[in-house]
$ cat start.cif   # mmCIF, C-alpha atoms and all ligand atoms
data_input
#
loop_
_atom_site.group_PDB
_atom_site.id
_atom_site.type_symbol
_atom_site.label_atom_id
_atom_site.label_comp_id
_atom_site.auth_asym_id
_atom_site.auth_seq_id
_atom_site.Cartn_x
_atom_site.Cartn_y
_atom_site.Cartn_z
ATOM 1 C CA MET A 137 95.466 90.159 52.684
ATOM 2 C CA ILE A 138 95.328 90.494 56.460
ATOM 3 C CA ARG A 139 92.530 92.875 57.471
ATOM 4 C CA VAL A 140 94.037 95.201 60.099
ATOM 5 C CA ALA A 141 92.545 97.907 62.338
ATOM 6 C CA VAL A 142 94.692 100.526 64.105
ATOM 7 C CA THR A 143 93.860 102.229 67.408
ATOM 8 C CA GLY A 144 95.670 105.504 68.108
ATOM 9 C CA ALA A 145 95.679 106.146 64.341
ATOM 10 C CA ALA A 146 96.113 109.906 64.798
ATOM 11 C CA GLY A 147 99.165 109.483 67.049
ATOM 12 C CA ARG A 148 102.863 109.311 66.196
ATOM 13 C CA MET A 149 103.084 105.497 66.063
ATOM 14 C CA GLY A 150 99.517 105.022 64.797
ATOM 15 C CA ARG A 151 100.093 107.236 61.747
ATOM 16 C CA LEU A 152 103.245 105.295 60.910
ATOM 17 C CA MET A 153 101.374 101.997 61.276
ATOM 18 C CA VAL A 154 98.675 103.270 58.891
ATOM 19 C CA LYS A 155 101.396 104.031 56.310
ATOM 20 C CA ASN A 156 103.136 100.662 56.795
ATOM 21 C CA ILE A 157 99.918 98.636 56.612
ATOM 22 C CA ILE A 158 98.799 100.392 53.430
ATOM 23 C CA GLU A 159 102.190 100.092 51.727
ATOM 24 C CA ASP A 160 102.598 96.365 52.543
ATOM 25 C CA SER A 161 101.221 93.920 49.963
ATOM 26 C CA GLU A 162 100.169 91.411 52.661
ATOM 27 C CA THR A 163 98.094 93.778 54.807
ATOM 28 C CA GLU A 164 94.997 95.892 54.281
ATOM 29 C CA LEU A 165 93.915 98.799 56.492
ATOM 30 C CA VAL A 166 90.207 98.249 57.144
ATOM 31 C CA GLN A 167 89.596 100.494 60.186
ATOM 32 C CA ALA A 168 91.386 103.302 62.024
ATOM 33 C CA TYR A 169 90.368 104.524 65.476
ATOM 34 C CA ASP A 170 91.248 107.436 67.731
ATOM 35 C CA ILE A 171 89.508 109.728 70.192
ATOM 36 C CA ARG A 172 90.524 112.799 68.180
ATOM 37 C CA GLU A 173 90.591 113.677 64.468
ATOM 38 C CA VAL A 174 87.404 111.556 64.117
ATOM 39 C CA GLY A 175 86.039 111.658 60.542
ATOM 40 C CA LYS A 176 89.378 112.595 58.971
ATOM 41 C CA ASP A 177 91.028 110.329 56.388
ATOM 42 C CA ALA A 178 93.666 108.106 58.075
ATOM 43 C CA GLY A 179 95.938 108.241 55.014
ATOM 44 C CA GLU A 180 95.875 112.032 54.873
ATOM 45 C CA LEU A 181 96.812 112.171 58.571
ATOM 46 C CA ALA A 182 99.627 109.711 57.857
ATOM 47 C CA GLY A 183 100.927 111.963 55.072
ATOM 48 C CA ILE A 184 100.304 109.486 52.221
ATOM 49 C CA GLY A 185 97.137 111.024 50.760
ATOM 50 C CA LYS A 186 93.508 109.896 50.883
ATOM 51 C CA VAL A 187 93.021 106.151 51.393
ATOM 52 C CA GLY A 188 89.259 106.130 52.026
ATOM 53 C CA VAL A 189 89.497 104.938 55.644
ATOM 54 C CA GLN A 190 88.078 107.499 58.045
ATOM 55 C CA ILE A 191 89.098 107.789 61.683
ATOM 56 C CA LEU A 192 86.323 106.190 63.765
ATOM 57 C CA ASP A 193 85.494 107.141 67.352
ATOM 58 C CA ALA A 194 87.367 104.692 69.608
ATOM 59 C CA ARG A 195 84.692 105.148 72.295
ATOM 60 C CA GLU A 196 82.426 103.036 70.082
ATOM 61 C CA ILE A 197 84.936 100.332 69.182
ATOM 62 C CA ASN A 198 82.875 97.752 71.057
ATOM 63 C CA LYS A 199 80.122 98.124 68.476
ATOM 64 C CA THR A 200 82.119 98.764 65.290
ATOM 65 C CA LEU A 201 85.352 96.714 65.377
ATOM 66 C CA ASP A 202 85.509 94.375 62.385
ATOM 67 C CA SER A 203 89.040 93.214 61.478
ATOM 68 C CA GLU A 204 91.303 90.163 61.778
ATOM 69 C CA VAL A 205 94.082 91.917 63.725
ATOM 70 C CA LEU A 206 94.024 95.080 65.870
ATOM 71 C CA VAL A 207 97.246 97.011 66.477
ATOM 72 C CA ASP A 208 97.183 99.395 69.451
ATOM 73 C CA PHE A 209 99.498 102.332 70.193
ATOM 74 C CA THR A 210 97.439 104.512 72.552
ATOM 75 C CA THR A 211 97.443 105.041 76.336
ATOM 76 C CA PRO A 212 97.155 102.393 79.079
ATOM 77 C CA GLU A 213 93.527 103.321 79.895
ATOM 78 C CA GLY A 214 92.508 103.461 76.227
ATOM 79 C CA ALA A 215 94.402 100.293 75.300
ATOM 80 C CA VAL A 216 92.628 98.238 77.981
ATOM 81 C CA GLU A 217 89.220 99.167 76.508
ATOM 82 C CA ASN A 218 90.420 98.451 72.958
ATOM 83 C CA ILE A 219 91.891 95.103 74.048
ATOM 84 C CA LYS A 220 88.614 94.118 75.760
ATOM 85 C CA ALA A 221 86.680 94.952 72.587
ATOM 86 C CA ALA A 222 89.086 92.922 70.413
ATOM 87 C CA SER A 223 88.969 89.866 72.661
ATOM 88 C CA ASN A 224 85.148 90.005 72.753
ATOM 89 C CA LYS A 225 85.071 90.111 68.943
ATOM 90 C CA ASN A 226 87.743 87.423 68.476
ATOM 91 C CA VAL A 227 90.180 89.885 66.871
ATOM 92 C CA LYS A 228 93.891 89.035 67.301
ATOM 93 C CA LEU A 229 96.003 91.672 69.009
ATOM 94 C CA VAL A 230 99.339 93.449 68.612
ATOM 95 C CA VAL A 231 99.833 95.855 71.531
ATOM 96 C CA GLY A 232 102.672 98.381 71.727
ATOM 97 C CA THR A 233 101.264 100.714 74.360
ATOM 98 C CA THR A 234 103.433 101.018 77.491
ATOM 99 C CA GLY A 235 102.928 102.072 81.118
ATOM 100 C CA PHE A 236 100.313 99.519 82.227
ATOM 101 C CA ASN A 237 99.768 99.122 85.985
ATOM 102 C CA GLU A 238 99.394 95.712 87.642
ATOM 103 C CA GLU A 239 95.590 95.768 87.464
ATOM 104 C CA GLN A 240 95.659 96.634 83.759
ATOM 105 C CA LYS A 241 98.211 93.874 83.095
ATOM 106 C CA LYS A 242 95.862 91.352 84.735
ATOM 107 C CA ILE A 243 92.977 92.444 82.483
ATOM 108 C CA ILE A 244 95.218 92.010 79.419
ATOM 109 C CA GLU A 245 96.234 88.530 80.614
ATOM 110 C CA GLU A 246 92.543 87.591 80.937
ATOM 111 C CA CYS A 247 91.721 88.937 77.451
ATOM 112 C CA ALA A 248 94.699 87.058 75.973
ATOM 113 C CA LYS A 249 93.110 83.800 77.146
ATOM 114 C CA LYS A 250 90.553 84.364 74.385
ATOM 115 C CA VAL A 251 92.729 85.692 71.509
ATOM 116 C CA PRO A 252 96.422 85.436 70.528
ATOM 117 C CA THR A 253 98.033 88.690 71.748
ATOM 118 C CA VAL A 254 101.537 90.031 71.113
ATOM 119 C CA LEU A 255 102.465 92.502 73.853
ATOM 120 C CA THR A 256 105.856 94.185 74.016
ATOM 121 C CA PRO A 257 107.207 97.505 75.289
ATOM 122 C CA ASN A 258 109.551 97.549 72.272
ATOM 123 C CA PHE A 259 109.019 96.113 68.798
ATOM 124 C CA SER A 260 112.461 96.964 67.435
ATOM 125 C CA VAL A 261 114.604 93.967 66.528
ATOM 126 C CA GLY A 262 117.637 95.815 67.927
ATOM 127 C CA VAL A 263 116.134 96.198 71.411
ATOM 128 C CA ASN A 264 115.017 92.580 71.478
ATOM 129 C CA VAL A 265 118.605 91.504 70.683
ATOM 130 C CA PHE A 266 119.824 94.094 73.244
ATOM 131 C CA TRP A 267 117.762 92.346 75.974
ATOM 132 C CA LYS A 268 119.504 89.056 75.044
ATOM 133 C CA ILE A 269 122.961 90.668 75.223
ATOM 134 C CA VAL A 270 122.127 92.234 78.610
ATOM 135 C CA GLU A 271 120.968 88.834 79.873
ATOM 136 C CA LEU A 272 124.309 87.298 78.824
ATOM 137 C CA ALA A 273 126.376 90.170 80.272
ATOM 138 C CA ALA A 274 124.539 90.012 83.615
ATOM 139 C CA LYS A 275 125.722 86.402 84.031
ATOM 140 C CA TYR A 276 129.357 87.573 83.947
ATOM 141 C CA PHE A 277 128.950 90.745 86.035
ATOM 142 C CA LYS A 278 127.186 89.441 89.122
ATOM 143 C CA ASP A 279 129.377 91.483 91.502
ATOM 144 C CA TYR A 280 129.353 94.686 89.442
ATOM 145 C CA ASP A 281 127.187 97.709 90.080
ATOM 146 C CA ILE A 282 124.475 97.937 87.463
ATOM 147 C CA GLU A 283 122.674 101.100 86.360
ATOM 148 C CA ILE A 284 120.299 101.944 83.528
ATOM 149 C CA TYR A 285 119.442 105.234 81.873
ATOM 150 C CA GLU A 286 117.066 106.058 79.059
ATOM 151 C CA ILE A 287 116.381 109.191 76.979
ATOM 152 C CA HIS A 288 113.103 109.947 75.193
ATOM 153 C CA HIS A 289 111.384 112.879 73.480
ATOM 154 C CA ARG A 290 109.622 115.540 75.540
ATOM 155 C CA PHE A 291 106.128 114.183 74.728
ATOM 156 C CA LYS A 292 106.566 110.701 76.194
ATOM 157 C CA LYS A 293 104.007 110.276 78.975
ATOM 158 C CA ASP A 294 105.270 107.330 81.044
ATOM 159 C CA ALA A 295 108.594 107.085 82.891
ATOM 160 C CA PRO A 296 110.752 105.122 83.076
ATOM 161 C CA SER A 297 110.179 103.534 79.685
ATOM 162 C CA GLY A 298 108.710 100.042 79.495
ATOM 163 C CA THR A 299 111.920 99.037 77.716
ATOM 164 C CA ALA A 300 114.091 100.217 80.645
ATOM 165 C CA LEU A 301 111.898 98.366 83.145
ATOM 166 C CA LYS A 302 112.205 95.216 81.063
ATOM 167 C CA ILE A 303 116.025 95.621 81.050
ATOM 168 C CA ALA A 304 115.970 95.883 84.873
ATOM 169 C CA ASN A 305 113.773 92.793 85.153
ATOM 170 C CA VAL A 306 115.942 90.768 82.741
ATOM 171 C CA ILE A 307 118.949 91.546 84.974
ATOM 172 C CA LYS A 308 117.043 90.779 88.186
ATOM 173 C CA GLU A 309 116.006 87.418 86.796
ATOM 174 C CA VAL A 310 119.604 86.465 85.908
ATOM 175 C CA LEU A 311 121.070 87.550 89.241
ATOM 176 C CA GLY A 312 118.498 85.543 91.150
ATOM 177 C CA GLU A 313 118.782 87.814 94.152
ATOM 178 C CA ASP A 314 116.756 90.641 95.524
ATOM 179 C CA ARG A 315 118.168 93.647 93.692
ATOM 180 C CA GLU A 316 115.753 96.483 94.335
ATOM 181 C CA ILE A 317 114.866 98.644 91.331
ATOM 182 C CA ILE A 318 114.968 102.349 92.272
ATOM 183 C CA HIS A 319 114.253 105.478 90.269
ATOM 184 C CA GLY A 320 116.911 108.185 90.544
ATOM 185 C CA ARG A 321 118.704 109.268 93.729
ATOM 186 C CA GLN A 322 118.532 112.269 96.018
ATOM 187 C CA GLY A 323 120.150 113.093 99.368
ATOM 188 C CA LEU A 324 122.310 110.649 101.304
ATOM 189 C CA CYS A 325 122.166 107.337 99.470
ATOM 190 C CA PRO A 326 125.167 105.042 99.861
ATOM 191 C CA ARG A 327 125.212 102.432 97.139
ATOM 192 C CA GLY A 328 123.768 99.039 97.944
ATOM 193 C CA LYS A 329 122.627 96.247 95.644
ATOM 194 C CA GLU A 330 120.023 98.346 93.872
ATOM 195 C CA ILE A 331 119.634 98.853 90.131
ATOM 196 C CA ALA A 332 118.829 102.523 89.530
ATOM 197 C CA VAL A 333 116.776 103.443 86.465
ATOM 198 C CA MET A 334 117.085 107.042 85.308
ATOM 199 C CA ALA A 335 114.688 108.687 82.822
ATOM 200 C CA ILE A 336 115.782 111.723 80.801
ATOM 201 C CA ARG A 337 113.166 113.614 78.762
ATOM 202 C CA GLY A 338 113.590 116.244 76.074
ATOM 203 C CA GLY A 339 113.564 117.300 72.451
ATOM 204 C CA ASP A 340 112.785 114.762 69.767
ATOM 205 C CA VAL A 341 114.853 111.764 70.930
ATOM 206 C CA VAL A 342 113.100 108.671 69.528
ATOM 207 C CA GLY A 343 114.542 106.354 72.187
ATOM 208 C CA GLU A 344 117.915 105.548 73.713
ATOM 209 C CA HIS A 345 118.740 102.963 76.404
ATOM 210 C CA THR A 346 122.069 102.315 78.137
ATOM 211 C CA VAL A 347 123.025 99.681 80.702
ATOM 212 C CA LEU A 348 126.222 100.169 82.678
ATOM 213 C CA PHE A 349 128.084 97.340 84.398
ATOM 214 C CA LEU A 350 130.470 99.199 86.711
ATOM 215 C CA GLY A 351 133.442 97.553 88.406
ATOM 216 C CA MET A 352 136.592 98.814 90.121
ATOM 217 C CA GLY A 353 138.835 100.056 87.312
ATOM 218 C CA GLU A 354 136.483 99.431 84.377
ATOM 219 C CA ARG A 355 132.968 99.628 83.067
ATOM 220 C CA LEU A 356 131.027 98.070 80.217
ATOM 221 C CA GLU A 357 128.290 100.134 78.576
ATOM 222 C CA ILE A 358 125.718 98.637 76.241
ATOM 223 C CA THR A 359 123.601 101.145 74.303
ATOM 224 C CA HIS A 360 120.723 100.907 71.856
ATOM 225 C CA ARG A 361 119.627 103.964 69.883
ATOM 226 C CA ALA A 362 116.459 104.055 67.806
ATOM 227 C CA HIS A 363 117.074 106.422 64.866
ATOM 228 C CA SER A 364 113.434 106.583 63.846
ATOM 229 C CA ARG A 365 110.042 105.124 64.812
ATOM 230 C CA GLN A 366 110.250 102.945 61.709
ATOM 231 C CA ALA A 367 112.293 100.507 63.852
ATOM 232 C CA PHE A 368 109.154 99.946 65.986
ATOM 233 C CA ALA A 369 106.761 99.939 63.018
ATOM 234 C CA SER A 370 108.785 97.297 61.132
ATOM 235 C CA GLY A 371 108.713 95.046 64.209
ATOM 236 C CA ALA A 372 104.981 95.622 64.671
ATOM 237 C CA MET A 373 104.402 94.624 61.018
ATOM 238 C CA LYS A 374 106.286 91.360 61.686
ATOM 239 C CA ALA A 375 104.059 90.822 64.752
ATOM 240 C CA ILE A 376 100.845 91.397 62.737
ATOM 241 C CA LYS A 377 101.861 88.792 60.130
ATOM 242 C CA TRP A 378 102.985 86.343 62.824
ATOM 243 C CA VAL A 379 99.925 86.627 65.092
ATOM 244 C CA TYR A 380 97.579 86.267 62.116
ATOM 245 C CA ASN A 381 98.806 82.668 61.722
ATOM 246 C CA VAL A 382 98.642 81.810 65.433
ATOM 247 C CA VAL A 383 95.628 79.769 66.487
ATOM 248 C CA LYS A 384 96.281 79.225 70.206
ATOM 249 C CA PRO A 385 95.164 82.133 72.406
ATOM 250 C CA GLY A 386 97.775 83.474 74.849
ATOM 251 C CA LEU A 387 100.151 86.280 75.644
ATOM 252 C CA TYR A 388 103.155 86.340 73.291
ATOM 253 C CA THR A 389 106.219 88.589 72.961
ATOM 254 C CA MET A 390 108.715 89.460 70.234
ATOM 255 C CA ASP A 391 110.732 86.431 71.432
ATOM 256 C CA ASP A 392 107.972 84.354 69.826
ATOM 257 C CA VAL A 393 107.639 86.556 66.738
ATOM 258 C CA LEU A 394 111.411 86.621 66.085
ATOM 259 C CA GLY A 395 111.862 82.914 66.913
ATOM 260 C CA PHE A 396 114.165 83.561 69.910
ATOM 261 C CA ARG A 397 112.181 81.329 72.249
ATOM 262 C CA ASN A 398 112.850 78.188 70.205
ATOM 263 C CA GLU A 399 116.615 78.702 70.135
ATOM 264 C CA LYS A 400 118.618 76.078 72.027
ATOM 265 C CA LYS A 401 119.874 77.184 75.443
ATOM 266 C CA GLU A 402 123.690 76.869 75.818
HETATM 267 N N1 LIG B 501 106.156 99.023 71.820
HETATM 268 C C1 LIG B 501 106.868 99.877 71.101
HETATM 269 O O1 LIG B 501 107.772 99.501 70.329
HETATM 270 C C2 LIG B 501 106.550 101.352 71.195
HETATM 271 C C3 LIG B 501 107.202 102.290 70.392
HETATM 272 C C4 LIG B 501 106.813 103.626 70.476
HETATM 273 C C5 LIG B 501 105.817 104.013 71.358
HETATM 274 N N2 LIG B 501 105.251 103.068 72.152
HETATM 275 C C6 LIG B 501 104.142 103.392 73.054
HETATM 276 O O2 LIG B 501 102.962 103.540 72.274
HETATM 277 C C7 LIG B 501 102.090 104.479 72.896
HETATM 278 C C8 LIG B 501 101.724 105.588 71.926
HETATM 279 O O3 LIG B 501 102.881 106.309 71.589
HETATM 280 P P1 LIG B 501 102.838 107.555 70.582
HETATM 281 O O4 LIG B 501 104.179 108.162 70.617
HETATM 282 O O5 LIG B 501 102.247 107.122 69.294
HETATM 283 O O6 LIG B 501 101.799 108.487 71.368
HETATM 284 P P2 LIG B 501 100.821 109.627 70.771
HETATM 285 O O7 LIG B 501 100.397 110.421 71.968
HETATM 286 O O8 LIG B 501 101.470 110.313 69.624
HETATM 287 O O9 LIG B 501 99.590 108.794 70.193
HETATM 288 C C9 LIG B 501 98.611 108.162 70.975
HETATM 289 C C10 LIG B 501 97.285 108.306 70.252
HETATM 290 O O10 LIG B 501 96.314 107.493 70.921
HETATM 291 C C11 LIG B 501 95.091 108.229 70.914
HETATM 292 N N3 LIG B 501 94.208 107.640 71.930
HETATM 293 C C12 LIG B 501 94.128 107.911 73.244
HETATM 294 N N4 LIG B 501 93.185 107.120 73.822
HETATM 295 C C13 LIG B 501 92.687 106.339 72.836
HETATM 296 C C14 LIG B 501 91.715 105.322 72.779
HETATM 297 N N5 LIG B 501 91.017 104.948 73.867
HETATM 298 N N6 LIG B 501 91.487 104.692 71.610
HETATM 299 C C15 LIG B 501 92.117 105.073 70.482
HETATM 300 N N7 LIG B 501 93.062 106.055 70.455
HETATM 301 C C16 LIG B 501 93.327 106.673 71.620
HETATM 302 C C17 LIG B 501 95.514 109.654 71.157
HETATM 303 O O11 LIG B 501 94.492 110.564 70.794
HETATM 304 C C18 LIG B 501 96.738 109.744 70.250
HETATM 305 O O12 LIG B 501 96.390 110.118 68.929
HETATM 306 C C19 LIG B 501 102.822 104.950 74.163
HETATM 307 O O13 LIG B 501 102.413 104.176 75.255
HETATM 308 C C20 LIG B 501 104.282 104.676 73.824
HETATM 309 O O14 LIG B 501 105.097 104.515 74.969
HETATM 310 C C21 LIG B 501 105.590 101.762 72.078
#

$ encode --input "start.cif" --output "structure tokens" --more "lines below"
Ligand SMILES: NC(=O)c1ccc[n+]([C@@H]2O[C@H](COP(=O)([O-])OP(=O)(O)OC[C@H]3O[C@@H](n4cnc5c(N)ncnc54)[C@H](O)[C@@H]3O)[C@@H](O)[C@H]2O)c1
Amino acid sequence: MIRVAVTGAAGRMGRLMVKNIIEDSETELVQAYDIREVGKDAGELAGIGKVGVQILDAREINKTLDSEVLVDFTTPEGAVENIKAASNKNVKLVVGTTGFNEEQKKIIEECAKKVPTVLTPNFSVGVNVFWKIVELAAKYFKDYDIEIYEIHHRFKKDAPSGTALKIANVIKEVLGEDREIIHGRQGLCPRGKEIAVMAIRGGDVVGEHTVLFLGMGERLEITHRAHSRQAFASGAMKAIKWVYNVVKPGLYTMDDVLGFRNEKKE
């Protein structure tokens, strides 16, 4: 059994991870952390009844963390502290939190030099395949206008989504030219070579991303829709089991977990 701790255990993704870890025969929930709901039973919060694991105060994770893998779905500021604690205690990491700034990314890179760390803005298998399809499409649409829009629930804090930014960067990398990434448009703005990323927020939309390749007389649209957060949780469970067996410290992605990186290039 892989001994797993969850940070953000009272949140939307954290509660689902608690449920998945408990229901999986290969994983055991040993600790659950948050900065709210401290003292409550993690299973009760997750809607599966008492499991005997109480929510611990994440502000003390440095002293109390004791697991083999830590899975984090929190906030950028919180995640950085949790990641530091895990790397100090030699606990392997699976990080789903999004919205890190450059400074925070550097700290994570440093921590990952000590422990194997899977970091991805999207754990769903569908989105990871979607990135591959976008990469392929970009090769054939070099002269087309390219735009991205994403829709998420009203509670999402960061914008645009980490997934949308990754789509933009995948395209930029293929095109090998300086396509500026912009966020929305207002006023006089004749189209240049930019890739615009638009973020729509509202209701309970779990997550939707569309890339448009627009030419004269046609357009290709590629869309991914997450129907439920279970798509992310299932991917995160794969990452937990994968990282547990990794010995070499470093920053990994779902390309590694899903075996995409080893596939032969055409
Ligand atoms: N990578 C993915 O596939 C994926 C999927 C969904 C959401 N996300 C990201 O995961 C993060 C969380 O999303 P959510 O919808 O669960 O948010 P949420 O607001 O429902 O949950 C976040 C939880 O983290 C807690 N928290 C805040 N600071 C903390 C700290 N220092 N230590 C421990 N807990 C702390 C909050 O109290 C809250 O309970 C966001 O950044 C979101 O964009 C990633």

$ residues_around --input "start.cif" --residues "A:Leu192" --least-positions-apart "3" --cutoff "10 Å" --atoms "all atoms listed in the file" --output "CSV table (one decimal) with C-alpha atoms, keeping the file's coordinate frame"
chain,number,residue,atom,x,y,z
A,143,THR,CA,93.9,102.2,67.4
A,145,ALA,CA,95.7,106.1,64.3
A,167,GLN,CA,89.6,100.5,60.2
A,168,ALA,CA,91.4,103.3,62.0
A,169,TYR,CA,90.4,104.5,65.5
A,170,ASP,CA,91.2,107.4,67.7
A,171,ILE,CA,89.5,109.7,70.2
A,172,ARG,CA,90.5,112.8,68.2
A,173,GLU,CA,90.6,113.7,64.5
A,174,VAL,CA,87.4,111.6,64.1
A,175,GLY,CA,86.0,111.7,60.5
A,176,LYS,CA,89.4,112.6,59.0
A,177,ASP,CA,91.0,110.3,56.4
A,178,ALA,CA,93.7,108.1,58.1
A,189,VAL,CA,89.5,104.9,55.6
A,195,ARG,CA,84.7,105.1,72.3
A,196,GLU,CA,82.4,103.0,70.1
A,197,ILE,CA,84.9,100.3,69.2
A,200,THR,CA,82.1,98.8,65.3
A,201,LEU,CA,85.4,96.7,65.4

$ residues_near_ligand --input "start.cif" --ligand "ligand LIG 501 (chain B)" --cutoff "6 Å" --atoms "all atoms listed in the file" --output "list in words"
Thr143, Gly144, Ala146, Gly147, Arg148, Met149, Gly150, Tyr169, Asp170, Ile171, Arg172, Ala194, Phe209, Thr210, Thr211, Gly214, Ala215, Gly232, Thr233, Thr234, Thr256, Pro257, Asn258, Phe259 and Phe368 of chain A

$ residues_around --input "start.cif" --residues "stretch 287-304 of chain A" --least-positions-apart "4" --cutoff "6 Å" --atoms "only C-alpha atoms" --output "PyMOL selection string"
chain A and resi 234-235+257+335-344

$ atom_distance --input "start.cif" --atom1 "atom CA of A:Glu316" --atom2 "atom CA of A:Lys329"
7.0 Å

$ residues_near_point --input "start.cif" --point "(128.8, 88.5, 80.4)" --cutoff "12 Å" --atoms "all atoms listed in the file" --output "MDAnalysis selection string"
chainID A and resid 268:280 307 310:311 349 356:358

$ axis_aligned_box --input "start.cif" --around "stretch 275-291 of chain A" --padding-each-side "4 Å" --output "JSON"
{"center_x": 117.8, "center_y": 101.0, "center_z": 82.5, "size_x": 31.2, "size_y": 37.1, "size_z": 26.0}

$ closest_residue --input "start.cif" --among "A:Met390, A:Leu348, A:Val216, A:Val166" --to "A:Gly262" --atoms "only C-alpha atoms"
A:Met390

$ residues_around --input "start.cif" --residues "stretch 236-248 of chain A" --least-positions-apart "4" --cutoff "7 Å" --atoms "only C-alpha atoms" --output "list in words"
Pro212, Val216, Lys220, Ser223, Pro252, Thr253, Pro385, Gly386 and Leu387 of chain A

$ resolve_selection --input "start.cif" --expression "the PyMOL selection byres (((chain A and resi 182) around 8) and not hetatm)" --output "VMD selection string"
chain A and resid 146 151 to 152 154 to 155 178 to 181 183 to 185

$ residues_around --input "start.cif" --residues "A:Gly395" --least-positions-apart "2" --cutoff "12 Å" --atoms "only C-alpha atoms" --output "ChimeraX atom specification"
/A:261,264-265,374-375,378,388-393,397-400

$ build_atoms --input "start.cif" --residues "stretch 176-188 of chain A" --atoms "N, CA, C and O atoms" --output "PDB file, in the frame of the given file"
ATOM      1  N   LYS A 176      88.327 112.262  59.949  1.00  0.00           N
ATOM      2  CA  LYS A 176      89.378 112.595  58.971  1.00  0.00           C
ATOM      3  C   LYS A 176      89.894 111.323  58.297  1.00  0.00           C
ATOM      4  O   LYS A 176      89.787 110.227  58.841  1.00  0.00           O
ATOM      5  N   ASP A 177      90.483 111.483  57.106  1.00  0.00           N
ATOM      6  CA  ASP A 177      91.028 110.329  56.388  1.00  0.00           C
ATOM      7  C   ASP A 177      92.361 109.906  57.019  1.00  0.00           C
ATOM      8  O   ASP A 177      93.257 110.735  57.212  1.00  0.00           O
ATOM      9  N   ALA A 178      92.468 108.602  57.366  1.00  0.00           N
ATOM     10  CA  ALA A 178      93.666 108.106  58.075  1.00  0.00           C
ATOM     11  C   ALA A 178      94.927 108.270  57.224  1.00  0.00           C
ATOM     12  O   ALA A 178      96.004 108.565  57.754  1.00  0.00           O
ATOM     13  N   GLY A 179      94.779 108.105  55.912  1.00  0.00           N
ATOM     14  CA  GLY A 179      95.938 108.241  55.014  1.00  0.00           C
ATOM     15  C   GLY A 179      96.421 109.682  54.961  1.00  0.00           C
ATOM     16  O   GLY A 179      97.629 109.945  54.950  1.00  0.00           O
ATOM     17  N   GLU A 180      95.486 110.605  54.906  1.00  0.00           N
ATOM     18  CA  GLU A 180      95.875 112.032  54.873  1.00  0.00           C
ATOM     19  C   GLU A 180      96.623 112.399  56.147  1.00  0.00           C
ATOM     20  O   GLU A 180      97.621 113.102  56.114  1.00  0.00           O
ATOM     21  N   LEU A 181      96.119 111.902  57.299  1.00  0.00           N
ATOM     22  CA  LEU A 181      96.812 112.171  58.571  1.00  0.00           C
ATOM     23  C   LEU A 181      98.212 111.574  58.560  1.00  0.00           C
ATOM     24  O   LEU A 181      99.145 112.122  59.135  1.00  0.00           O
ATOM     25  N   ALA A 182      98.339 110.416  57.887  1.00  0.00           N
ATOM     26  CA  ALA A 182      99.627 109.711  57.857  1.00  0.00           C
ATOM     27  C   ALA A 182     100.572 110.298  56.807  1.00  0.00           C
ATOM     28  O   ALA A 182     101.700 109.838  56.667  1.00  0.00           O
ATOM     29  N   GLY A 183     100.070 111.283  56.049  1.00  0.00           N
ATOM     30  CA  GLY A 183     100.927 111.963  55.072  1.00  0.00           C
ATOM     31  C   GLY A 183     101.087 111.206  53.764  1.00  0.00           C
ATOM     32  O   GLY A 183     102.019 111.469  53.004  1.00  0.00           O
ATOM     33  N   ILE A 184     100.177 110.253  53.480  1.00  0.00           N
ATOM     34  CA  ILE A 184     100.304 109.486  52.221  1.00  0.00           C
ATOM     35  C   ILE A 184      99.109 109.725  51.287  1.00  0.00           C
ATOM     36  O   ILE A 184      98.922 108.986  50.325  1.00  0.00           O
ATOM     37  N   GLY A 185      98.296 110.723  51.613  1.00  0.00           N
ATOM     38  CA  GLY A 185      97.137 111.024  50.760  1.00  0.00           C
ATOM     39  C   GLY A 185      95.932 110.188  51.139  1.00  0.00           C
ATOM     40  O   GLY A 185      96.036 109.234  51.913  1.00  0.00           O
ATOM     41  N   LYS A 186      94.784 110.554  50.536  1.00  0.00           N
ATOM     42  CA  LYS A 186      93.508 109.896  50.883  1.00  0.00           C
ATOM     43  C   LYS A 186      93.551 108.393  50.616  1.00  0.00           C
ATOM     44  O   LYS A 186      93.993 107.964  49.559  1.00  0.00           O
ATOM     45  N   VAL A 187      93.092 107.606  51.608  1.00  0.00           N
ATOM     46  CA  VAL A 187      93.021 106.151  51.393  1.00  0.00           C
ATOM     47  C   VAL A 187      91.588 105.634  51.560  1.00  0.00           C
ATOM     48  O   VAL A 187      91.321 104.449  51.395  1.00  0.00           O
ATOM     49  N   GLY A 188      90.663 106.532  51.918  1.00  0.00           N
ATOM     50  CA  GLY A 188      89.259 106.130  52.026  1.00  0.00           C
ATOM     51  C   GLY A 188      88.916 105.425  53.332  1.00  0.00           C
ATOM     52  O   GLY A 188      87.875 104.787  53.435  1.00  0.00           O
TER      53      GLY A 188
END
